[in-house]
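J.: Before I ask anything, here is the structure I am working with.
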Amino acid sequence: MAIPRAISVRARPLPPGLLLVLTVLLLIGAAPAQAGVTTIDTGDRAAVEAAYRDVYLPAAAVRAPAPPDGAVDRCEAGSTPAAIQGATRDLVNYFRAMSAVAPVRFDARHDAKAQQAALIGYADSTLSHAPTPLSPCWSPAGAEAAASSNLGLGHAGTDVVRAYMDDAGPGNVAAGHRWWLQRPSTRTMGNGTVGTANALWVAGDTAAPAGPRFTSWPTSGYFPGPLEPRGRWSLTAWDPDLDLRGATAAVRGPAGDLVVEQLPVDPTFGSLVFEVGTLPPVRGPVADVYQVTITGLLERGDPLPPYRYAVALVDPGAGASPELPLPPGWRP
């Protein structure tokens, strides 16, 4: 499998010890498996809160067991428990449903190879997209999966998927892990977990592009405040005719205009990533609304009108405030 570019990334700790790495991949095929949640209407606060409560929270709480005694010494990868596998898939599809893109299925062949990649990372206490035969517990299948996956180390279980979406740290300014999880054309992925090591195969089967021209994170409409990605927001264009390289973002919050830091647009992913700083937590029934305006978009070299949307951060446990609906133009 050819790799046009590989980037090893050390993210800031999300819990202590987190390490995320990212690669740029060529697309390969796979066979489908099961799917999870499919749609979430972000214009419906009750639906957003229900999905957070009933899908996200239970799935994110699943913890991975430690490998059996001696298994790593013997380089026995084992298999990811069904509870971890199902919850990881549900989290991936939760984030995709929030982004209005189709769910994915986990392919058993990708799962098996990703398990081998997770074993290499766990045995070596580090992560690499290009492990060598000198790496502990190296195998051809593990090396293939390492080159085809988002990789995480230091998480207790399925919460690593949240870390991929946050894409925190100075090495993740392209928000590439997030890009792979939001990619509309993806139809299959795979997952392997060994203790605190994870390999999420993201270069799975694809279909003809379908879905939105843009995805943002946080998404437009109601959005669970606890999932606000620690100030690192992004907009991705999936239409190849669209160009965000010269675009800029402005954000107005409840207290006025925010200081926004533009991050470099990575030519591989093309996402506009911008930092909005540390936002106050949302408490109570009233949503904190942030109006986003993107200017400088091009389509086939021609300028487009400003792209506007609103993010309404909510406290999922507080209940809705009926007197404050979403502002006009919240959905682009």
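Here, A, B, ... name the chains of the structure tokens in the order displayed, residue numbers run from 1 inside each chain, and ligands are numbered from 1 in the same displayed order.
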Env of Ser99 in chain A: 12 Å cut, atoms = only C-alpha atoms, seq-sep filter 6 positions within chain, self excluded. Answer as number ranges by chain.
T.: A: 38-42, 48, 92-93, 165, 178-179, 181-184, 211-223, 234-236
J.: Just N, CA and C atoms for this one: save the residues we selected as a tab-separated table (two decimals), in the first residue's frame.
T.:
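The result, stored in part-v4.tsv:
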```tsv
chain	number	residue	atom	x	y	z
A	38	THR	N	-27.96	6.28	12.68
A	38	THR	CA	-27.85	6.75	11.30
A	38	THR	C	-28.10	8.24	11.14
A	39	THR	N	-29.06	8.83	11.84
A	39	THR	CA	-29.36	10.25	11.65
A	39	THR	C	-29.64	10.92	12.99
A	40	ILE	N	-29.25	12.19	13.07
A	40	ILE	CA	-29.59	13.05	14.21
A	40	ILE	C	-29.94	14.41	13.64
A	41	ASP	N	-31.12	14.90	13.92
A	41	ASP	CA	-31.55	16.23	13.47
A	41	ASP	C	-31.02	17.26	14.45
A	42	THR	N	-29.97	17.99	14.04
A	42	THR	CA	-29.37	18.96	14.96
A	42	THR	C	-30.22	20.22	15.11
A	48	VAL	N	-31.10	15.89	19.78
A	48	VAL	CA	-29.66	15.98	20.05
A	48	VAL	C	-29.37	15.51	21.47
A	92	VAL	N	-18.35	6.09	16.50
A	92	VAL	CA	-18.01	6.59	15.17
A	92	VAL	C	-19.27	7.04	14.45
A	93	ASN	N	-20.31	6.22	14.49
A	93	ASN	CA	-21.53	6.57	13.78
A	93	ASN	C	-22.32	7.67	14.46
A	165	MET	N	-11.84	12.95	17.42
A	165	MET	CA	-12.65	14.08	16.97
A	165	MET	C	-12.13	15.40	17.52
A	178	ARG	N	-10.11	13.81	12.58
A	178	ARG	CA	-11.51	14.24	12.43
A	178	ARG	C	-11.94	14.12	10.97
A	179	TRP	N	-11.06	14.51	10.06
A	179	TRP	CA	-11.36	14.43	8.62
A	179	TRP	C	-11.73	13.01	8.23
A	181	LEU	N	-12.87	10.58	10.11
A	181	LEU	CA	-14.12	10.12	10.71
A	181	LEU	C	-15.33	10.78	10.08
A	182	GLN	N	-15.18	11.98	9.53
A	182	GLN	CA	-16.30	12.68	8.91
A	182	GLN	C	-16.42	12.43	7.42
A	183	ARG	N	-15.48	11.76	6.80
A	183	ARG	CA	-15.46	11.64	5.34
A	183	ARG	C	-16.74	10.98	4.83
A	184	PRO	N	-17.55	11.68	4.04
A	184	PRO	CA	-18.86	11.14	3.65
A	184	PRO	C	-18.81	9.87	2.82
A	211	GLY	N	-23.88	13.23	0.44
A	211	GLY	CA	-23.95	13.93	1.71
A	211	GLY	C	-23.66	15.40	1.53
A	212	PRO	N	-23.35	16.09	2.60
A	212	PRO	CA	-23.19	17.54	2.53
A	212	PRO	C	-21.92	17.96	1.79
A	213	ARG	N	-21.98	19.15	1.22
A	213	ARG	CA	-20.77	19.71	0.61
A	213	ARG	C	-19.76	20.11	1.68
A	214	PHE	N	-20.25	20.47	2.85
A	214	PHE	CA	-19.40	20.87	3.96
A	214	PHE	C	-19.78	20.05	5.19
A	215	THR	N	-18.78	19.79	6.02
A	215	THR	CA	-19.04	19.37	7.39
A	215	THR	C	-18.27	20.31	8.31
A	216	SER	N	-18.86	20.59	9.45
A	216	SER	CA	-18.18	21.40	10.45
A	216	SER	C	-18.11	20.61	11.75
A	217	TRP	N	-17.21	21.05	12.62
A	217	TRP	CA	-17.15	20.51	13.98
A	217	TRP	C	-16.72	21.64	14.90
A	218	PRO	N	-17.59	22.03	15.82
A	218	PRO	CA	-18.91	21.50	16.09
A	218	PRO	C	-19.85	21.71	14.90
A	219	THR	N	-20.93	20.95	14.87
A	219	THR	CA	-21.88	21.05	13.79
A	219	THR	C	-22.84	22.21	14.02
A	220	SER	N	-23.49	22.64	12.94
A	220	SER	CA	-24.51	23.68	13.07
A	220	SER	C	-25.71	23.13	13.83
A	221	GLY	N	-26.45	24.03	14.47
A	221	GLY	CA	-27.62	23.63	15.25
A	221	GLY	C	-27.24	23.36	16.68
A	222	TYR	N	-28.08	22.59	17.34
A	222	TYR	CA	-27.82	22.25	18.74
A	222	TYR	C	-26.67	21.25	18.83
A	223	PHE	N	-25.80	21.47	19.80
A	223	PHE	CA	-24.59	20.65	19.93
A	223	PHE	C	-24.31	20.47	21.42
A	234	SER	N	-13.60	23.47	13.07
A	234	SER	CA	-13.17	23.26	11.69
A	234	SER	C	-14.36	23.26	10.75
A	235	LEU	N	-14.05	23.55	9.49
A	235	LEU	CA	-15.00	23.42	8.38
A	235	LEU	C	-14.25	22.70	7.26
A	236	THR	N	-14.87	21.64	6.74
A	236	THR	CA	-14.26	20.86	5.67
A	236	THR	C	-15.17	20.88	4.45
```
J.: Considering only C-alpha atoms, return as a list in words whatever protein or nucleic-acid residues lie within 9 Å of range 261-264 of chain A, sequence-local ones (same chain, fewer than 2 positions apart) excluded.
T.: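 Answer for this query is Val173, Ala174, Arg245, Thr248, Ala249, Val259, Asp266, Leu272, Val273, Phe274, Glu275, Val276 and Gly277 of chain A.
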J.: Env of range 128-141 of chain A: 6 Å cut, atoms = only C-alpha atoms, seq-sep filter 6 positions within chain, self excluded. Answer as a list in words.
T.: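 Using only C-alpha atoms, the neighbours found are Cys75, Lys113, Ile120 and Ala147 of chain A.
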J.: How would the residues just chosen look if you wrote them out with N, CA, C and O atoms as a JSON list (two decimals), in the first residue's frame?
T.:
```
[["chain", "number", "residue", "atom", "x", "y", "z"],
["A", 75, "CYS", "N", 3.06, -12.29, 22.20],
["A", 75, "CYS", "CA", 2.57, -11.60, 21.00],
["A", 75, "CYS", "C", 1.25, -12.18, 20.51],
["A", 75, "CYS", "O", 1.02, -12.38, 19.31],
["A", 113, "LYS", "N", -6.81, -7.17, 11.33],
["A", 113, "LYS", "CA", -5.53, -6.51, 11.09],
["A", 113, "LYS", "C", -5.31, -5.35, 12.05],
["A", 113, "LYS", "O", -4.20, -5.13, 12.54],
["A", 120, "ILE", "N", 1.01, -4.15, 18.36],
["A", 120, "ILE", "CA", 2.34, -3.56, 18.18],
["A", 120, "ILE", "C", 2.47, -2.30, 19.03],
["A", 120, "ILE", "O", 3.47, -2.11, 19.73],
["A", 147, "ALA", "N", -0.57, 1.46, 8.87],
["A", 147, "ALA", "CA", -0.50, 2.44, 7.78],
["A", 147, "ALA", "C", -1.88, 2.86, 7.29],
["A", 147, "ALA", "O", -1.97, 3.73, 6.43]]
```
J.: Could you check how far CA of Asp205 in chain A sits from CA of Arg187 in chain A, in Å to one decimal?
T.: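 These atoms are spaced 5.4 Å apart.
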J.: Distance CA of Ala118 in chain A-CA of Gly157 in chain A, one decimal place?
T.: 12.3 Å
J.: Rank nothing, just name the residue among A:Ala310, A:Thr293, A:Leu127, A:Arg230 nearest to Gly154 in chain A, using only C-alpha atoms.
T.: A:Leu127
J.: Could you give me, as a VMD selection string, the residues within 7 Å of Tyr309 in chain A, counting only C-alpha atoms and dropping anything in the same chain fewer than 3 positions from it?
T.: chain A and resid 220 291 to 293 329 to 332
J.: Could you check which of A:Gly256, A:Gly296, A:Pro224, A:Pro327 is closest to Asp315 in chain A, using only C-alpha atoms?
T.: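 Of all the options, A:Pro224 lies closest to Asp315 in chain A.
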J.: To one decimal place in Å, what is the distance between CA of Pro226 in chain A and CA of Tyr94 in chain A?
T.: 14.6 Å
J.: Let me make sure I understand: among A:Ala60, A:Leu326, A:Leu258, A:Ala114, which one has the smallest atom-to-atom distance to Ala312 in chain A if we use only C-alpha atoms?
T.: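 Result for the nearest residue to Ala312 in chain A: A:Leu326.
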J.: From the set A:His155, A:Ala102, A:Ala117, A:Asp257, which residue has the shortest atom-to-atom contact distance to Ser185 in chain A, counting only C-alpha atoms?
T.: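 Closest to Ser185 in chain A, using only C-alpha atoms: A:Ala102.
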J.: Could you give me, as number ranges by chain, each residue of range 166-316 of chain A that DSSP assigns to strand (DSSP E) when run on this structure's backbone?
T.: A: 188-194, 197-201, 214-217, 221-224, 232-237, 242-243, 248-253, 256-257, 261-262, 272-275, 288-295, 298-299, 302-303, 307-314
J.: Ranking A:Asp166, A:Gly86, A:Thr278, A:Thr188 by minimum distance to Val62 in chain A and counting only C-alpha atoms, which one comes first?
T.: A:Gly86
J.: Compare A:Gly317, A:Pro306, A:Pro240, A:Pro229 by their minimum atom-to-atom distance to Arg162 in chain A, counting only C-alpha atoms, and give me the closest one.
T.: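 The shortest atom-to-atom distance to Arg162 in chain A comes from A:Pro229.
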J.: Please provide the set of residues having any atom within 7 Å of Glu49 in chain A, restricted to only C-alpha atoms, with same-chain residues fewer than 4 positions apart removed, written as a VMD selection string.
T.: chain A and resid 45 53 316
J.: Store the residues picked out above in a file with N, CA, C and O atoms, as a PDB file, in the first residue's frame.
T.:
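Output file result-v4.pdb is given in full below:
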```pdb
ATOM      1  N   ARG A  45     -33.528  20.100  19.452  1.00  0.00           N
ATOM      2  CA  ARG A  45     -32.733  19.992  20.673  1.00  0.00           C
ATOM      3  C   ARG A  45     -33.012  18.687  21.409  1.00  0.00           C
ATOM      4  O   ARG A  45     -32.090  18.042  21.916  1.00  0.00           O
ATOM      5  N   ARG A  53     -27.445  11.347  25.287  1.00  0.00           N
ATOM      6  CA  ARG A  53     -27.731  10.573  26.506  1.00  0.00           C
ATOM      7  C   ARG A  53     -27.800   9.069  26.227  1.00  0.00           C
ATOM      8  O   ARG A  53     -27.246   8.257  26.973  1.00  0.00           O
ATOM      9  N   PRO A 316     -26.828  19.181  28.075  1.00  0.00           N
ATOM     10  CA  PRO A 316     -27.766  18.105  27.711  1.00  0.00           C
ATOM     11  C   PRO A 316     -28.700  17.674  28.834  1.00  0.00           C
ATOM     12  O   PRO A 316     -29.736  17.074  28.569  1.00  0.00           O
TER      13      PRO A 316
END
```
J.: Find the residues around Pro65 in chain A up to 12 Å (only C-alpha atoms counted), leave out those fewer than 3 positions away in its own chain, and share them as a PyMOL selection string.
T.: chain A and resi 62+68-69+78-84+155-158+193-197
J.: Identify all residues of range 116-245 of chain A in helix (DSSP H, G or I) (DSSP on the backbone) and supply them as a ChimeraX atom specification.
T.: /A:116-124,140-146,160-166,170-172,176-182,225-227
